[in-house]
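Read through the structure below, which is laid out as structure tokens, and then see the notes.
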Amino acid sequence: MQENNSKMSCKVPLCKADIGEEELNAVREVLASGWLTHGPKNKEFEEAFASYIGVKHAVSLNSCTAALFLALKAHNITGEVILPSFTFSASANAVVTAGAVPRFADIDEETYMLDPKSVEALITPKTEAIMVVHFGGQAGPIKELKELADKHKLLFIEDSAEAIGAEYKGEKTGSFGVGCFSFFPTKNMTTGEGGMLTTNDKKIAETVALLSAHGIPKSVNPPHVGYRSAVMPGYNFRLSNILAALGTVQLKKLDAMNEKRRVAAAKYNNLLSAIPGVVTPVEKLGRKHVYQMYTVRVAKEKRNKFILKLKDAGIEVSVHFNPPVHLQDYYKEKYPTNLPVTEKIAEEIVTLPMYPDIREEDIAYVCDIIRENIA
Ligand SMILES: Cc1ncc(COP(=O)(O)O)c(C=O)c1O
């Protein structure tokens with residue numbers, strides 16, 4: 001999701017990053033140290049993140065888009081990648097820019113995530129990867145998708161941009177395949193811009209780190225001062241030392257921030273369940289939801305009026321995602337697809353304000369406005 005977080009004039013913003021003294025101090029310290037680019041804070045952040053997710057390696061990057069792109073590049077994926085269309089365009093853009101072919105599968109009507117049956121129907125000898133998108137803070141159907149990936153020897157990529165700290169049967173998303181995370185300000189934790197790739201494969205982690213920094217390894221015995229020799233054509237997708245310091249502090253607060261999101265979601269659920277015509281999110285058994293977004297559904301004929309009424313009342317709302325990727329200009333021309341569930345959900349979904357410090361009275365206010373305007 002790409003909302004800018006600066007529109008604070010409204011009564012209830014859509015999202016608000018939780019940045020306090022600790023973050024300010026961490027950034028100040030790095031600025032004062034003079035080490036501004038990729039440096040020691042990256043190592044600290046990566047080690048803490050890998051340990052939090054429960055994987056062997058984490059590579060810090062400047063976005064989740066870079067993580068998705070490099071996940072594909074490092075695994076030499078150039079064939080077909082099955083993914084949902086009900087996602088932010090970055091998921092599909094990474095596939096195309098990496099030189100692979102997106103195949104869009106349909107979603108489940110309850111969770112808005114990949115329907116394993118639709119995925120299975122798309123598997124051909126050309127398929128090389130399945131990319132699950134953990135929508136809005138909840139894990140997708142990992143067991144079913146992992147089984148398909150294992151059976152057909154496909155790479156399993158988890159676009160976990162929207163689900164940092166979410167769990168599937170007690171284990172974190174991003175630990176089941178190659179994990180890709182976003183630290184954009186609307187996400188569960190932030191570095192302003194930033195991302196992380198997680199893997200248990202040391203060689204892949206090394207290749208991703210290399211690709212993210214011009215393809216130039218750190219020479220152990222350089223023949224002269226300033227010697228830099230690229231071993232592969234790389235990019236500059238590094239996260240700065242400044243942002244890594246910010247991320248390290250945010251990661252320490254992540255569980256507490258996610259818990260606040262869960263409490264806020266329970267309050268919304270409680271108030272909205274009494275209002276006919278509003279479909280609230282479902283937390284599936286064994287899948288800990290961390291509510292990066294709180295999305296509801298209303299009848300498609302009512303949605304635009306509903307959104308305008310909330311906006312008039314000073315409530316910032318959004319839509320994730322419409323149009324779905326397969327109906328966006330570039331994709332509808334190049335990869336025409338028919339996805340009935342995705343298209344239905346995209347016309348009904350609305351994202352309500354959600355952030356760790358949203359106040360109880362703000363949630364009550366949003367729900368009051370909804371009650372008055374749903375008819
Ligand atoms: C599902 C999904 N994938 C990828 C991204 C891209 O993340 P970033 O902005 O860090 O590149 C986003 C962010 O909006 C997202 O929601």
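Residue numbering restarts at 1 for every chain of the structure tokens, chains are lettered A, B, ... in their displayed order, and ligands are numbered from 1 as they appear.
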
Original post:
ligand 1: which residues are within 6 Å, counting only C-alpha atoms and all ligand atoms, as a list in words?
Top reply: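 With only C-alpha atoms and all ligand atoms and a cut-off of 6 Å, ligand 1 is contacted by Met1, Gln2, Ser63, Cys64, Thr65, Thr87, Phe88, Ala90, Ser91, Val133, Asp159, Ala161, Glu162, Ser182, Phe183, Phe184, Gly194 and Gly195 of chain A.
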
Go ahead and write the selection's residues with C-alpha atoms as a compact mmCIF listing (two decimals), in the first residue's frame.
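Saved file result.txt follows:
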# COMPACT_ATOMS: atom_id res chain seq x y z
CA MET A 1 0.00 0.00 0.00
CA GLN A 2 1.38 3.34 -0.96
CA SER A 63 12.50 -2.06 -0.39
CA CYS A 64 10.37 -5.17 -0.52
CA THR A 65 10.21 -4.68 -4.28
CA THR A 87 -2.01 -7.46 -4.41
CA PHE A 88 0.00 -4.27 -4.79
CA ALA A 90 5.02 -4.43 -6.90
CA SER A 91 4.50 -8.21 -6.51
CA VAL A 133 1.01 -12.70 -0.77
CA ASP A 159 5.53 -11.70 -0.21
CA ALA A 161 5.32 -7.07 2.92
CA GLU A 162 2.03 -6.75 4.79
CA SER A 182 8.53 -4.12 3.48
CA PHE A 183 9.32 -1.34 5.94
CA PHE A 184 7.23 1.30 4.15
CA GLY A 194 13.23 -0.40 3.30
CA GLY A 195 12.96 -4.13 2.98

Determine, for each residue of region 58-100 of chain A having at least one atom at most 12 Å from an atom of region 138-156 of chain A, the closest pair of atoms and their separation in Å to one decimal, counting only C-alpha atoms; order by chain and ascending number, as CSV.
residue,atom,partner,partner_atom,distance
A:Leu68,CA,A:Phe156,CA,11.6
A:Ala71,CA,A:Leu155,CA,9.7
A:Leu72,CA,A:Leu155,CA,9.0
A:Lys73,CA,A:Leu155,CA,11.9
A:Ala74,CA,A:Leu155,CA,11.3
A:His75,CA,A:Leu155,CA,8.1
A:Asn76,CA,A:Leu155,CA,10.4
A:Ile77,CA,A:Leu155,CA,8.6
A:Thr78,CA,A:Leu155,CA,11.8
A:Gly79,CA,A:Leu154,CA,10.8
A:Glu80,CA,A:Leu154,CA,10.2
A:Val81,CA,A:Leu155,CA,9.0
A:Ile82,CA,A:Phe156,CA,9.9
A:Leu83,CA,A:Phe156,CA,10.5
A:Pro84,CA,A:Gly140,CA,11.0

Original post:
For Glu44 (chain A), which residue out of A:Met293, A:Asn241, A:Asn269, A:Tyr335 is the nearest one, using only C-alpha atoms?
Top reply: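 Result for the nearest residue to Glu44 (chain A): A:Asn241.
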
**OP:** Name the closest residue to Asp106 (chain A) among the candidates A:Ala48, A:Leu243, A:Ile358, A:Ile345; distances are taken between atoms, counting only C-alpha atoms.
**Re:**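 Among the listed residues, the smallest separation from Asp106 (chain A) belongs to A:Ile345.
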
Original post:
If we count only C-alpha atoms, what is near Ala313 (chain A) at a cut-off of 9 Å, once residues fewer than 5 positions away on the same chain are taken out, given as a list of chain:residue names?
Top reply: A:Cys10, A:Lys11, A:Leu308, A:Val366, A:Ile369
